[in-house]
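Trainee: I am sharing model.cif, which consists of mmCIF, C-alpha atoms and all ligand atoms:
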data_final
loop_
_atom_site.label_atom_id
_atom_site.label_comp_id
_atom_site.auth_asym_id
_atom_site.auth_seq_id
_atom_site.Cartn_x
_atom_site.Cartn_y
_atom_site.Cartn_z
CA MET A 155 19.71 28.53 11.30
CA ALA A 156 16.85 31.07 11.35
CA GLN A 157 13.36 30.05 12.42
CA ALA A 158 11.43 27.99 9.89
CA LEU A 159 8.72 29.73 7.87
CA ILE A 160 5.33 28.68 6.57
CA LEU A 161 4.95 29.40 2.86
CA GLN A 162 1.98 29.17 0.50
CA VAL A 163 1.88 27.84 -3.02
CA VAL A 164 1.13 30.59 -5.53
CA LYS A 165 1.32 28.40 -8.61
CA SER A 166 2.46 24.91 -9.57
CA TYR A 167 2.92 23.62 -13.10
CA LYS A 168 4.84 21.07 -15.14
CA LEU A 169 7.87 22.45 -16.94
CA ASN A 170 8.16 19.19 -18.87
CA ASP A 171 7.95 15.44 -18.15
CA LEU A 172 10.79 15.67 -15.63
CA PHE A 173 10.13 18.81 -13.60
CA GLN A 174 7.31 20.39 -11.63
CA ARG A 175 7.90 24.08 -10.86
CA VAL A 176 6.33 25.35 -7.63
CA ILE A 177 6.18 29.08 -6.90
CA LEU A 178 6.02 29.94 -3.21
CA THR A 179 5.56 33.06 -1.13
CA GLY A 180 5.04 34.03 2.50
CA PRO A 181 6.03 36.45 5.23
CA GLY A 182 9.67 36.24 6.29
CA LEU A 183 10.88 34.99 2.91
CA GLU A 184 12.48 38.39 2.32
CA ARG A 185 15.38 37.19 4.48
CA LEU A 186 16.72 35.27 1.46
CA PRO A 187 19.88 36.98 0.23
CA GLU A 188 20.19 38.60 -3.19
CA ASN A 189 21.36 36.06 -5.77
CA SER A 190 20.31 33.16 -3.61
CA GLY A 191 19.80 30.91 -6.66
CA GLY A 192 21.56 27.58 -6.13
CA LEU A 193 21.57 27.72 -2.32
CA HIS A 194 19.84 24.84 -0.62
CA ILE A 195 16.78 24.97 1.62
CA LYS A 196 14.93 22.50 3.81
CA LEU A 197 11.26 22.01 3.00
CA PHE A 198 8.84 20.59 5.56
CA PHE A 199 5.73 18.62 4.65
CA LYS A 200 2.71 17.44 6.64
CA ARG A 201 2.54 13.77 7.50
CA ALA A 202 -0.27 11.68 6.03
CA GLY A 203 -3.52 12.47 7.83
CA GLN A 204 -2.16 15.56 9.59
CA GLN A 205 -4.47 18.61 9.54
CA GLN A 206 -1.90 21.24 10.43
CA LEU A 207 1.69 21.70 9.33
CA LEU A 208 3.95 21.73 12.39
CA LEU A 209 7.40 23.25 12.09
CA PRO A 210 10.66 22.57 13.89
CA ARG A 211 12.20 25.43 15.81
CA LEU A 212 15.82 25.61 14.70
CA LEU A 213 18.27 26.76 17.33
CA LYS A 214 22.01 26.63 16.65
CA ASN A 215 21.77 23.35 14.75
CA ARG A 216 19.52 21.83 17.41
CA HIS A 217 15.97 21.07 16.34
CA ARG A 218 13.22 21.65 18.89
CA GLN A 219 9.81 20.82 17.54
CA VAL A 220 7.16 23.48 18.14
CA ARG A 221 3.92 24.75 16.69
CA ASP A 222 4.75 27.68 14.45
CA GLU A 223 2.60 30.19 16.32
CA GLN A 224 4.04 29.32 19.76
CA PRO A 225 5.75 32.36 21.36
CA GLU A 226 9.51 32.16 21.95
CA SER A 227 9.08 32.70 25.67
CA ASN A 228 6.90 29.66 26.09
CA PRO A 229 8.68 26.72 24.49
CA PRO A 230 6.29 23.80 24.20
CA GLU A 231 7.03 20.17 24.63
CA GLN A 232 8.84 18.41 21.81
CA LEU A 233 6.67 16.97 19.09
CA SER A 234 6.47 13.24 19.04
CA ALA A 235 8.04 11.42 16.10
CA GLU A 236 4.59 10.97 14.49
CA LEU A 237 4.01 14.73 14.44
CA LYS A 238 7.41 15.88 13.19
CA PRO A 239 7.16 17.21 9.66
CA ILE A 240 8.81 15.31 6.86
CA SER A 241 11.91 17.13 5.72
CA ARG A 242 13.55 17.23 2.30
CA THR A 243 16.39 19.30 0.84
CA TYR A 244 15.78 21.38 -2.31
CA SER A 245 17.50 24.22 -4.17
CA ILE A 246 16.48 27.77 -4.80
CA ARG A 247 16.04 28.04 -8.55
CA HIS A 248 15.27 31.73 -8.30
CA TYR A 249 14.07 34.23 -5.73
CA ASP A 250 12.67 37.63 -6.68
CA ARG A 251 12.65 39.98 -3.73
CA ASP A 252 10.37 42.58 -5.35
CA SER A 253 7.54 40.10 -5.75
CA ASN A 254 8.68 37.90 -2.83
CA LEU A 255 8.32 34.84 -5.05
CA LEU A 256 10.50 31.74 -4.74
CA ARG A 257 10.85 29.16 -7.52
CA VAL A 258 11.66 25.55 -6.67
CA ASP A 259 11.91 22.87 -9.37
CA PHE A 260 11.03 19.32 -8.25
CA VAL A 261 12.17 16.28 -10.20
CA LEU A 262 9.22 14.02 -11.01
CA HIS A 263 11.16 10.83 -10.35
CA ALA A 264 9.87 7.33 -11.04
CA ASP A 265 9.41 6.29 -7.39
CA PRO A 266 7.75 9.41 -5.92
CA GLY A 267 8.40 10.10 -2.25
CA VAL A 268 6.67 12.65 -0.06
CA ALA A 269 8.23 15.71 -1.70
CA CYS A 270 7.75 14.61 -5.29
CA ALA A 271 4.12 13.60 -4.61
CA TRP A 272 3.44 16.89 -2.79
CA ALA A 273 4.79 18.95 -5.70
CA THR A 274 2.78 16.99 -8.26
CA ALA A 275 -0.46 17.63 -6.35
CA ALA A 276 0.36 21.18 -5.12
CA ARG A 277 -2.45 23.72 -5.55
CA GLU A 278 -2.68 27.44 -4.85
CA GLY A 279 -2.81 28.05 -1.09
CA ASP A 280 -1.21 24.74 -0.03
CA GLN A 281 1.34 25.13 2.73
CA VAL A 282 4.94 24.00 3.04
CA GLY A 283 7.58 24.85 5.66
CA LEU A 284 10.97 26.29 4.78
CA ALA A 285 14.25 26.55 6.69
CA GLY A 286 17.46 28.05 5.41
CA PRO A 287 19.02 28.83 3.10
CA GLY A 288 22.22 26.95 3.83
CA PRO A 289 25.41 28.87 3.12
CA MET A 290 27.16 26.49 0.74
CA ARG A 291 27.53 27.42 -2.89
CA LEU A 292 28.47 24.84 -5.49
CA CYS A 293 31.41 26.75 -6.92
CA ASN A 294 34.53 28.74 -6.22
CA PRO A 295 33.96 31.98 -8.17
CA ALA A 296 37.73 32.63 -8.32
CA ALA A 297 38.17 29.87 -10.92
CA ARG A 298 38.47 30.62 -14.66
CA LYS A 299 37.04 27.32 -15.84
CA PHE A 300 34.22 25.28 -14.41
CA LEU A 301 33.21 21.65 -14.73
CA LEU A 302 29.72 21.11 -13.32
CA ILE A 303 28.55 17.49 -13.06
CA GLY A 304 25.03 16.59 -12.05
CA ASP A 305 21.75 14.89 -12.72
CA ALA A 306 18.12 15.99 -12.75
CA SER A 307 18.11 16.62 -8.98
CA SER A 308 20.93 19.16 -9.26
CA LEU A 309 20.00 20.66 -12.63
CA PRO A 310 18.00 23.49 -10.96
CA ALA A 311 20.96 24.39 -8.70
CA ILE A 312 23.47 24.07 -11.53
CA MET A 313 21.45 26.32 -13.84
CA ALA A 314 21.10 28.89 -11.06
CA VAL A 315 24.88 28.80 -10.52
CA ILE A 316 25.57 29.10 -14.26
CA ASP A 317 23.45 32.27 -14.37
CA GLN A 318 25.76 33.81 -11.76
CA LEU A 319 29.17 32.92 -13.24
CA PRO A 320 31.21 35.63 -14.96
CA LEU A 321 30.59 35.68 -18.72
CA GLN A 322 34.27 35.14 -19.52
CA ALA A 323 34.40 31.92 -17.47
CA GLU A 324 34.53 28.73 -19.52
CA VAL A 325 31.87 26.29 -18.41
CA GLN A 326 31.49 22.58 -19.17
CA VAL A 327 28.42 20.77 -17.88
CA ILE A 328 28.00 16.99 -17.73
CA MET A 329 24.40 16.12 -17.04
CA GLU A 330 22.94 12.63 -16.58
CA LEU A 331 19.21 12.21 -17.18
CA PRO A 332 17.03 9.12 -16.80
CA LYS A 333 16.54 7.08 -19.97
CA GLY A 334 14.21 8.66 -22.50
CA TYR A 335 14.30 12.25 -21.19
CA GLN A 336 15.28 15.12 -23.43
CA PRO A 337 17.95 17.72 -22.54
CA PHE A 338 16.43 20.72 -20.83
CA ILE A 339 18.24 24.04 -20.52
CA ASP A 340 16.60 26.99 -18.81
CA CYS A 341 19.38 29.45 -18.11
CA ARG A 342 20.43 32.74 -19.68
CA ARG A 343 24.02 31.91 -20.59
CA GLN A 344 24.54 31.09 -24.29
CA SER A 345 28.29 31.48 -24.86
CA ASN A 346 31.37 29.90 -23.27
CA ILE A 347 29.36 26.88 -22.26
CA SER A 348 29.26 23.26 -23.46
CA TRP A 349 26.60 20.81 -22.37
CA HIS A 350 27.26 17.04 -22.42
CA TRP A 351 24.19 14.85 -21.87
CA LEU A 352 24.36 11.23 -20.76
CA GLU A 353 21.80 8.60 -19.86
CA GLN A 354 21.88 7.94 -16.11
CA THR A 355 22.89 4.30 -15.59
CA PHE A 356 24.54 4.47 -12.14
CA THR A 357 27.77 3.20 -13.67
CA PRO A 358 29.89 6.36 -13.56
CA GLU A 359 33.17 4.50 -14.11
CA THR A 360 32.10 3.56 -17.65
CA THR A 361 30.06 6.65 -18.56
CA VAL A 362 30.84 9.94 -16.79
CA LEU A 363 34.46 9.20 -15.96
CA PRO A 364 35.63 8.48 -19.54
CA LEU A 365 33.87 11.67 -20.66
CA ILE A 366 35.64 13.71 -17.98
CA LYS A 367 39.00 12.29 -19.04
CA SER A 368 38.31 13.07 -22.68
CA LEU A 369 37.76 16.76 -21.85
CA ALA A 370 41.36 16.99 -20.57
CA LEU A 371 40.63 20.07 -18.49
CA PRO A 372 43.50 21.90 -16.76
CA LEU A 373 42.65 21.03 -13.16
CA ALA A 374 44.89 23.72 -11.69
CA GLU A 375 42.48 26.40 -12.93
CA THR A 376 39.21 24.46 -13.04
CA CYS A 377 36.61 24.40 -10.32
CA VAL A 378 34.83 21.03 -10.30
CA ALA A 379 31.40 20.66 -8.71
CA ILE A 380 29.72 17.25 -8.47
CA ALA A 381 26.13 17.18 -7.24
CA SER A 382 24.43 13.93 -8.10
CA GLU A 383 23.50 10.44 -7.01
CA HIS A 384 25.59 8.94 -4.20
CA LYS A 385 27.57 6.41 -6.24
CA THR A 386 28.51 8.91 -8.94
CA VAL A 387 29.68 11.46 -6.39
CA LEU A 388 31.87 8.93 -4.57
CA CYS A 389 33.40 7.58 -7.77
CA LEU A 390 34.21 11.00 -9.23
CA ARG A 391 35.42 12.46 -5.95
CA GLN A 392 37.90 9.60 -5.70
CA TYR A 393 39.11 10.31 -9.24
CA PHE A 394 39.63 14.04 -8.67
CA ARG A 395 41.35 13.47 -5.33
CA CYS A 396 43.80 11.11 -7.06
CA GLU A 397 44.38 13.83 -9.66
CA SER A 398 45.40 16.09 -6.72
CA ILE A 399 42.91 18.85 -7.49
CA ALA A 400 43.09 21.63 -4.88
CA LYS A 401 40.56 21.21 -2.07
CA GLU A 402 39.04 24.64 -2.66
CA TYR A 403 38.38 23.73 -6.31
CA LEU A 404 36.43 20.54 -5.60
CA TYR A 405 32.79 20.50 -4.42
CA CYS A 406 31.11 17.14 -3.93
CA VAL A 407 27.56 16.79 -2.65
CA PRO A 408 25.54 13.58 -2.90
CA TYR A 409 21.92 14.68 -3.46
CA TRP A 410 20.16 11.33 -3.15
CA ARG A 411 20.79 7.60 -3.24
CA HIS A 412 19.35 5.11 -5.72
CA ARG A 413 16.84 2.78 -3.98
CA GLN A 414 16.95 4.68 -0.67
CA ASN A 415 14.68 7.43 0.53
CA GLU A 416 15.81 10.53 2.39
CA GLU A 417 15.05 8.97 5.79
CA THR A 418 17.33 5.98 5.20
CA TYR A 419 20.02 7.96 3.37
CA HIS A 420 20.28 11.13 5.44
CA ASP A 421 22.99 10.01 7.90
CA GLN A 422 25.09 8.35 5.20
CA ARG A 423 25.08 11.58 3.21
CA HIS A 424 26.53 13.43 6.16
CA GLN A 425 29.19 10.76 6.60
CA VAL A 426 30.16 11.16 2.94
CA MET A 427 30.31 14.94 3.29
CA ASP A 428 32.42 14.67 6.45
CA SER A 429 34.91 12.21 4.98
C1 LIG B 1 21.66 20.16 -1.34
C2 LIG B 1 20.54 19.44 -2.10
C3 LIG B 1 19.76 20.12 -3.00
C4 LIG B 1 18.73 19.47 -3.72
N1 LIG B 1 17.98 20.17 -4.62
C5 LIG B 1 16.99 19.54 -5.32
C6 LIG B 1 16.16 20.27 -6.24
O1 LIG B 1 16.25 21.49 -6.39
N2 LIG B 1 15.21 19.57 -6.93
C7 LIG B 1 15.04 18.20 -6.75
O2 LIG B 1 14.16 17.63 -7.40
N3 LIG B 1 15.79 17.52 -5.88
C8 LIG B 1 16.75 18.14 -5.14
N4 LIG B 1 17.50 17.45 -4.23
C9 LIG B 1 17.28 16.00 -4.12
C10 LIG B 1 16.07 15.66 -3.23
O3 LIG B 1 16.30 16.12 -1.92
C11 LIG B 1 15.89 14.13 -3.22
O4 LIG B 1 15.67 13.68 -4.52
C12 LIG B 1 14.77 13.68 -2.30
O5 LIG B 1 15.04 12.37 -1.90
C13 LIG B 1 13.38 13.74 -2.94
O6 LIG B 1 12.43 13.40 -1.95
P1 LIG B 1 11.15 12.50 -2.24
O7 LIG B 1 10.30 12.61 -1.00
O8 LIG B 1 10.54 12.86 -3.54
O9 LIG B 1 11.74 11.02 -2.38
P2 LIG B 1 12.26 10.05 -1.21
O10 LIG B 1 11.15 9.69 -0.29
O11 LIG B 1 13.49 10.59 -0.58
O12 LIG B 1 12.66 8.75 -2.08
C14 LIG B 1 11.67 7.90 -2.65
C15 LIG B 1 12.32 7.07 -3.76
O13 LIG B 1 12.68 7.89 -4.86
C16 LIG B 1 14.06 7.78 -5.17
N5 LIG B 1 14.57 9.13 -5.54
C17 LIG B 1 14.76 10.18 -4.72
N6 LIG B 1 15.23 11.24 -5.40
C18 LIG B 1 15.33 10.84 -6.68
C19 LIG B 1 15.78 11.49 -7.88
N7 LIG B 1 16.21 12.75 -7.89
N8 LIG B 1 15.76 10.77 -9.02
C20 LIG B 1 15.34 9.47 -9.05
N9 LIG B 1 14.90 8.81 -7.94
C21 LIG B 1 14.91 9.49 -6.78
C22 LIG B 1 14.70 7.24 -3.91
O14 LIG B 1 15.90 6.51 -4.18
C23 LIG B 1 13.61 6.35 -3.34
O15 LIG B 1 13.62 5.09 -3.97
C24 LIG B 1 18.51 18.08 -3.50
C25 LIG B 1 19.28 17.39 -2.53
C26 LIG B 1 20.28 18.06 -1.84
C27 LIG B 1 21.10 17.30 -0.82
#
What's the C-alpha cells form of this structure?
Ligand SMILES: Cc1cc2nc3c(=O)[nH]c(=O)nc-3n(C[C@H](O)[C@H](O)[C@H](O)COP(=O)(O)OP(=O)(O)OC[C@H]3O[C@@H](n4cnc5c(N)ncnc54)[C@H](O)[C@@H]3O)c2cc1C
Mentor:
Amino acid sequence: MAQALILQVVKSYKLNDLFQRVILTGPGLERLPENSGGLHIKLFFKRAGQQQLLLPRLLKNRHRQVRDEQPESNPPEQLSAELKPISRTYSIRHYDRDSNLLRVDFVLHADPGVACAWATAAREGDQVGLAGPGPMRLCNPAARKFLLIGDASSLPAIMAVIDQLPLQAEVQVIMELPKGYQPFIDCRRQSNISWHWLEQTFTPETTVLPLIKSLALPLAETCVAIASEHKTVLCLRQYFRCESIAKEYLYCVPYWRHRQNEETYHDQRHQVMDS
C-alpha cells in the first residue's frame, strides 16, 4: 500500500440527521484512480491529547510507524502504542481530480467513536491521515442484475457504485436504517432501480431475508453485494451460499459490529472475510 498522506479538511457539513459530509484535500491525493467512488480508504486520527498527527509507514502490508516528514533513508524507531494513530475504514463517496477534492460521508451513529466524533467537530484546516485506496470493489460489473444490501455505513459506497453501473443494469437495493431515519438517496441513477427501506433491528432472518426471498431474483445472473453490520452479513452470506450463487457474484463485507468498536472487532472482521 502506498505511503499514507496527510489531508486537510476543506469543508464539513451535515447532509441530514444521519450523515456528516467531510471534504478533504492535500498533496498526493491525485494518486486516487479515476472513478474511485466506492473504494475503501483508511483514515488516521490523532489520539486524545496528541498535538501532532503521526502516520504509519505502510510497506507491503507491514506497518512501520514513523513521523510523516521522516526521510525514507532514515527510518525512525517504531511509535509506541500510545502514539499510533487511531485507524478507521471509510469509503470514497466521490473524488474529483480537477479540484483534488475528496468527499467522505460519515454516519452520525448513536454511540460515537473516534471517527464519528472527529467528523462531527471537523473544521476547515483540521488534519486527518489517509492510506489507500484498497482495490476491492463491491460488484462484478459483468452481471446484468444487481442486489445491493447495506445499512447507513455502506450507503455512501453503495451510492457511489450505483453511479458507475451500466444504465441497462437492473438494480435492487435493500437498505436498513436505524429507527426513525428517513430514506436518503443521493445518486444520479433514476431508472432501472428499486429501493427497499427497512428499519435496522439486527434480526436479518426475520426482516432482510424474507424480503430477499420475495424478490425471487435469478441468482445465475445477479451480482449480490452485502456490506452491513456483522450479523446481517453472516446470516445473508450463509443463505446465498446455500443457494449456490457463483463465488464471483457474491461480495460480503462486514463493515462494523453492533456493541463493538473497531479496535475490538477488527480481527474478527478479517476472520469473517477469510472464511
Ligand atoms: C470497507 C469499509 C468501508 C466503510 N465505509 C464507511 C463510510 O463510508 N461511512 C461510514 O460512516 N462508515 C463506514 N464504514 C464503517 C466504519 O468503519 C465503522 O462504522 C467504524 O466503526 C466507525 O468508527 P467510530 O470511531 O465512529 O466508532 P467505533 O469506535 O468503531 O465504535 C463506537 C461504537 O459505535 C458503534 N458503531 C460503529 N459504527 C456504527 C454504525 N455505522 N452504526 C451504528 N453504530 C456504530 C460500535 O458498535 C460501538 O458501539 C466502513 C467500514 C468498512 C469495513
Trainee: So the first atom is atom CA of A:Gln206 and the second is atom CA of A:Val258; what is the distance between them in Å, to one decimal place?
Mentor: 22.2 Å
Trainee: Within 9 Å of ligand LIG 1 (chain B), counting all atoms listed in the file, which protein or nucleic acid residues do you find, written as a VMD selection string?
Mentor: chain A and resid 173 to 174 192 to 196 240 to 247 258 to 273 288 290 305 to 311 331 to 332 381 to 383 407 to 420 423
Trainee: Between atom CA of A:Phe300 and atom CA of A:Phe356, what is the spacing in Å?
Mentor: 23.1 Å
Trainee: Suppose you want the space between atom CA of A:Tyr405 and atom CA of A:Ile366; what is it in Å?
Mentor: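 Between atom CA of A:Tyr405 and atom CA of A:Ile366 the gap is 15.4 Å.
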Trainee: Using only C-alpha atoms, collect all residues at a distance of at most 12 Å from (37.7, 32.0, -8.5) as written in the file, then present them as a list in words.
Mentor: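 Final list of nearby residues, as requested, is Cys293, Asn294, Pro295, Ala296, Ala297, Arg298, Lys299, Phe300, Leu319, Pro320, Gln322, Ala323, Glu324, Ala374, Glu375, Thr376, Cys377, Val378, Glu402, Tyr403 and Leu404 of chain A.
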Trainee: Residues near A:Val325, anyone? I mean within 8 Å using all atoms listed in the file, not counting same-chain ones fewer than 5 positions away, as an mmCIF file with C-alpha atoms, in the coordinates of the input.
Mentor:
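Below is the file selection31.cif, written as the result:
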data_model
loop_
_atom_site.group_PDB
_atom_site.id
_atom_site.type_symbol
_atom_site.label_atom_id
_atom_site.label_comp_id
_atom_site.auth_asym_id
_atom_site.auth_seq_id
_atom_site.Cartn_x
_atom_site.Cartn_y
_atom_site.Cartn_z
ATOM 1 C CA LYS A 299 37.040 27.320 -15.840
ATOM 2 C CA PHE A 300 34.220 25.280 -14.410
ATOM 3 C CA LEU A 301 33.210 21.650 -14.730
ATOM 4 C CA LEU A 302 29.720 21.110 -13.320
ATOM 5 C CA ASN A 346 31.370 29.900 -23.270
ATOM 6 C CA ILE A 347 29.360 26.880 -22.260
ATOM 7 C CA SER A 348 29.260 23.260 -23.460
#
